Amino acid sequence: MTPAFSSSTFHTSTLQLHSPPVNVTVRGRSSPYRTVEFDATKNAVLLIEQRLLPHRFEQVAILNYRDTACAITDMVVRGAGAIGATAAYGLAQGALEFKGTNPGRFCTHLLSVYETLKEARPTAVDPVNAMDGVLRAMSAGRTVREQQTIAVAAARAFADEDVAHCREIGEHGAPLIREGMRVLTHCNAGWLAFVDIGTATAPLYAAQAQGRKFHVFCDETRPRCQGASLTAWELAQQGISHDVIADNAAGFLMQRGEIDLVIVGSDRVLGRTGEVCNKIGTYTKAVLAHRHKIPFYVAIPGSTIDWNLKSGRDIPIEERAGDEVLGAWGIAERQKGEGKRKKEGERIYVRIANPSSTARNPGFDVTPPDLITGIITPRGIFKPKDLRTLKP
Ligand code: MRU
């Protein structure tokens with residue numbers, strides 16, 4: 001079968017690829033893991049339980065498409081490419097859950113699976129692009145059975161293409177990372193946010209494989225702290241020198257000349273305008289980088305481009321629950337001088353804000369193209385306005 005995603009826009013190139021698959025070391029043992037996998041014999045989507053990281057590494061099996069949608073909403077899995085692959089596998093999982101042979105009923109069922117997964121998180125466009133690709137591929141099947149088989153193959157093709165795109169981003173982006181540089185990144189656009197390798201991290205991993213040394217500053221990324229917990233954990237796994245910084249510290253470091261380059265990922269880039277939607281706080285960092293004349297790059301695979309929307313104002317920005325802002329999650333630890341606590345070692349929520357206060361919690365913001373130096377894609381580095389030349 002032709003892979004659903006080898007579009008002429010983002011074909012797999014013949015670049016020499018340096019980024020090896022990412023190994024995870026748990027209790028001294030290293031093995032390669034993908035963030036999202038599929039077990040067709042059990043009809044299960046396998047996910048790394050990201051809410052437990054960096055304190056515990058666990059893979060969970062999700063056994064039906066409704067639970068797969070909940071895993072996306074609750075951020076067991078997160079990051080644009082990773083939720084794209086999860087949605088693609090979730091659609092295949094939902095297709096396999098259908099037991100009949102009637103094509104009309106199958107189609108109705110499939111649309112309901114599609115909508116459930118699409119609504120799980122609204123901002124990233126990757127789940128929609130991924131599922132549209134699976135549906136396109138399925139249309140070649142003549143029977144329900146054939147379409148079910150194609151759905152699994154097409155979801156796998158999406159996941160494989162996500163990995164290939166991240167490798168290519170690494171090759172194009174690696175020359176930007178020069179010896180001794182200090183690089184700022186925001187949130188987590190690493191392998192946990194994709195199927196493997198990541199986007200913003202791909203040039204770092206490729207530069208490391210080419211023998212260069214550099215330092216990374218990870219924005220903590222409140223409210224959910226993906227920078228402090230996930231990016232810092234990934235970089236530690238890779239042996240890359242890094243510091244976590246408070247979100248408010250980047251301006252100070254830029255002013256003192258301690259940041260040379262910024263690379264972030266994205267959840268949706270508008271192909272028509274070059275606007276970049278990413279984790280809340282990205283826009284602030286882009287304004288600061290512009291003020292300090294620091295190059296600001298965005299790294300994306302093909303599935304992150306939205307060719308339809310005409311303005312960043314039309315992007316559905318997810319508003320999450322206020323408790324994310326009003327408190328924080330972590331692992332209970334015994335403080336010096338404290339007695340033994342019942343919850344020690346457990347993941348707990350602690351309230352930080354004033355008990356009677358409420359919160360606003362927009363999850364993403366939109367950075368205009370004039371603040372962006374370049375967009376690193378599997379096809380090379382483009383000025384945001386030139387992305388439209390890639391339209392299939
Ligand atoms: O809310 P998340 O953790 O799913 O958001 C992910 C991001 O916005 C990251 O910034 C990432 O850069 C996008 S790349 C997958």
# chains A, B, ... in the order shown; residues from 1 in each chain; ligands from 1
$ residues_around --residues "A:Tyr33" --least-positions-apart "2" --cutoff "7 Å" --atoms "only C-alpha atoms" --output "MDAnalysis selection string"
chainID A and resid 22:24 31 35
$ closest_atom_pairs --of "stretch 115-152 of chain A" --to "stretch 61-70 of chain A" --cutoff "9 Å" --atoms "only C-alpha atoms" --output "CSV"
residue,atom,partner,partner_atom,distance
A:Thr116,CA,A:Ala69,CA,6.6
A:Leu117,CA,A:Ala69,CA,5.1
A:Lys118,CA,A:Ala69,CA,8.2
A:Glu119,CA,A:Ala69,CA,8.2
A:Ala120,CA,A:Ala69,CA,5.4
A:Arg121,CA,A:Ala69,CA,8.6
$ residues_around --residues "A:Phe194" --least-positions-apart "4" --cutoff "8 Å" --atoms "only C-alpha atoms" --output "count of residues only"
13
$ residues_near_ligand --ligand "ligand 1" --cutoff "6 Å" --atoms "only C-alpha atoms and all ligand atoms" --output "list of chain:residue names"
A:Arg78, A:Gly79, A:Ala80, A:Gly81, A:Cys187, A:Asn188, A:Ala189, A:Ala193, A:Val264, A:Gly265, A:Ser266, A:Asp267, A:Asn278, A:Lys279
$ write_last_selection --atoms "N, CA and C atoms" --output "compact mmCIF listing (two decimals), in the first residue's frame"
# COMPACT_ATOMS: atom_id res chain seq x y z
N ARG A 78 0.93 14.06 25.12
CA ARG A 78 0.73 15.44 24.70
C ARG A 78 1.83 15.78 23.71
N GLY A 79 1.72 16.98 23.12
CA GLY A 79 2.66 17.36 22.06
C GLY A 79 2.01 17.05 20.72
N ALA A 80 2.17 18.00 19.78
CA ALA A 80 1.38 17.95 18.55
C ALA A 80 1.55 16.64 17.76
N GLY A 81 2.80 16.24 17.52
CA GLY A 81 3.03 15.03 16.71
C GLY A 81 2.57 13.79 17.44
N CYS A 187 8.65 24.84 26.53
CA CYS A 187 7.76 23.68 26.61
C CYS A 187 8.55 22.41 26.26
N ASN A 188 7.89 21.44 25.65
CA ASN A 188 8.59 20.23 25.20
C ASN A 188 8.22 19.96 23.76
N ALA A 189 9.18 20.17 22.87
CA ALA A 189 9.02 19.75 21.48
C ALA A 189 10.08 18.71 21.21
N ALA A 193 7.04 14.71 22.57
CA ALA A 193 5.98 15.46 21.89
C ALA A 193 5.72 14.91 20.49
N VAL A 264 11.91 26.53 19.10
CA VAL A 264 10.68 25.99 19.71
C VAL A 264 9.97 25.10 18.69
N GLY A 265 8.96 24.38 19.14
CA GLY A 265 8.11 23.62 18.23
C GLY A 265 6.84 24.40 17.93
N SER A 266 5.86 23.73 17.40
CA SER A 266 4.57 24.39 17.16
C SER A 266 3.46 23.36 17.11
N ASP A 267 2.27 23.83 17.42
CA ASP A 267 1.07 22.98 17.34
C ASP A 267 0.27 23.24 16.08
N ASN A 278 1.90 28.14 19.35
CA ASN A 278 2.65 27.21 20.21
C ASN A 278 2.29 27.47 21.66
N LYS A 279 2.89 26.69 22.54
CA LYS A 279 2.60 26.76 23.97
C LYS A 279 2.63 28.19 24.49
$ closest_residue --among "A:Gln210, A:Thr221, A:Thr185, A:Thr367" --to "A:Leu270" --atoms "only C-alpha atoms"
A:Thr367
$ closest_residue --among "A:Ala353, A:Ile305, A:Ile294, A:Ile245" --to "A:Asp323" --atoms "only C-alpha atoms"
A:Ala353
$ closest_residue --among "A:Pro122, A:Gly28, A:Gly380, A:Pro223" --to "A:Ile300" --atoms "only C-alpha atoms"
A:Gly380
$ select_by_dssp --residues "stretch 59-221 of chain A" --states "helix (DSSP H, G or I)" --output "number ranges by chain"
A: 65-73, 80-97, 103-118, 126-138, 144-176, 191-193, 202-209
$ atom_distance --atom1 "atom CA of A:Glu37" --atom2 "atom CA of A:Arg156"
8.4 Å
$ residues_around --residues "A:His55" --least-positions-apart "3" --cutoff "9 Å" --atoms "only C-alpha atoms" --output "PyMOL selection string"
chain A and resi 52+229+330-331+345+347
$ atom_distance --atom1 "atom CA of A:Glu324" --atom2 "atom CA of A:Asp74"
11.8 Å
$ residues_around --residues "A:Ala137" --least-positions-apart "2" --cutoff "7 Å" --atoms "only C-alpha atoms" --output "tab-separated table (two decimals) with N, CA, C and O atoms, in the first residue's frame"
chain	number	residue	atom	x	y	z
A	4	ALA	N	0.13	6.79	3.31
A	4	ALA	CA	-0.83	7.89	3.14
A	4	ALA	C	-0.16	9.26	3.20
A	4	ALA	O	-0.72	10.22	2.75
A	133	GLY	N	-5.55	11.76	6.76
A	133	GLY	CA	-4.70	10.87	5.96
A	133	GLY	C	-5.14	9.41	6.07
A	133	GLY	O	-5.16	8.68	5.07
A	134	VAL	N	-5.49	9.00	7.28
A	134	VAL	CA	-5.96	7.61	7.47
A	134	VAL	C	-7.26	7.38	6.69
A	134	VAL	O	-7.42	6.38	5.98
A	135	LEU	N	-8.17	8.35	6.80
A	135	LEU	CA	-9.45	8.20	6.09
A	135	LEU	C	-9.25	8.14	4.57
A	135	LEU	O	-9.88	7.34	3.87
A	139	SER	N	-10.19	4.85	1.99
A	139	SER	CA	-11.18	4.89	0.90
A	139	SER	C	-10.81	3.91	-0.23
A	139	SER	O	-11.65	3.58	-1.07
A	140	ALA	N	-9.57	3.43	-0.23
A	140	ALA	CA	-9.17	2.45	-1.25
A	140	ALA	C	-9.70	1.04	-0.92
A	140	ALA	O	-9.72	0.16	-1.79
A	150	ILE	N	-6.40	-1.44	6.34
A	150	ILE	CA	-5.72	-0.25	5.81
A	150	ILE	C	-5.56	0.80	6.90
A	150	ILE	O	-4.54	1.49	6.98
A	154	ALA	N	-2.16	2.63	7.70
A	154	ALA	CA	-2.03	4.07	7.45
A	154	ALA	C	-1.63	4.81	8.72
A	154	ALA	O	-0.85	5.77	8.67
$ residues_around --residues "A:His186" --least-positions-apart "6" --cutoff "10 Å" --atoms "only C-alpha atoms" --output "number ranges by chain"
A: 200, 217-221, 225-228, 231, 247, 262-265, 278-282, 285
$ residues_around --residues "A:Ile177" --least-positions-apart "2" --cutoff "7 Å" --atoms "only C-alpha atoms" --output "ChimeraX atom specification"
/A:174-175,179,181,204,207
$ select_by_dssp --residues "stretch 56-247 of chain A" --states "strand (DSSP E or B)" --output "number ranges by chain"
A: 59-62, 182-185, 190, 198, 215-219, 242-245
$ write_last_selection --atoms "C-alpha atoms" --output "PDB file, in the first residue's frame"
ATOM      1  CA  GLN A  59       3.961   2.629  29.394  1.00  0.00           C
ATOM      2  CA  VAL A  60       0.159   2.246  29.513  1.00  0.00           C
ATOM      3  CA  ALA A  61      -2.132   0.261  27.180  1.00  0.00           C
ATOM      4  CA  ILE A  62      -5.324   2.066  26.166  1.00  0.00           C
ATOM      5  CA  ARG A 182      23.544  28.560  24.530  1.00  0.00           C
ATOM      6  CA  VAL A 183      20.110  27.614  23.221  1.00  0.00           C
ATOM      7  CA  LEU A 184      16.732  28.441  24.755  1.00  0.00           C
ATOM      8  CA  THR A 185      13.711  26.198  24.232  1.00  0.00           C
ATOM      9  CA  GLY A 190      11.224  16.739  22.057  1.00  0.00           C
ATOM     10  CA  GLY A 198      11.273  15.558  18.374  1.00  0.00           C
ATOM     11  CA  HIS A 215      24.144  24.250  26.582  1.00  0.00           C
ATOM     12  CA  VAL A 216      20.343  24.336  26.638  1.00  0.00           C
ATOM     13  CA  PHE A 217      18.101  26.504  28.805  1.00  0.00           C
ATOM     14  CA  CYS A 218      14.681  24.887  29.305  1.00  0.00           C
ATOM     15  CA  ASP A 219      11.890  27.302  30.122  1.00  0.00           C
ATOM     16  CA  HIS A 242      21.137  22.060  30.455  1.00  0.00           C
ATOM     17  CA  ASP A 243      19.505  24.247  33.104  1.00  0.00           C
ATOM     18  CA  VAL A 244      15.842  24.718  33.850  1.00  0.00           C
ATOM     19  CA  ILE A 245      14.954  28.392  34.143  1.00  0.00           C
TER      20      ILE A 245
END
$ closest_residue --among "A:Arg272, A:Glu318, A:Val298, A:Ile352" --to "A:Leu390" --atoms "only C-alpha atoms"
A:Arg272
$ closest_residue --among "A:Trp329, A:Ser112, A:Gln237, A:Ala321" --to "A:Gly363" --atoms "only C-alpha atoms"
A:Ala321
$ atom_distance --atom1 "atom CA of A:Asp386" --atom2 "atom CA of A:Gly274"
7.8 Å
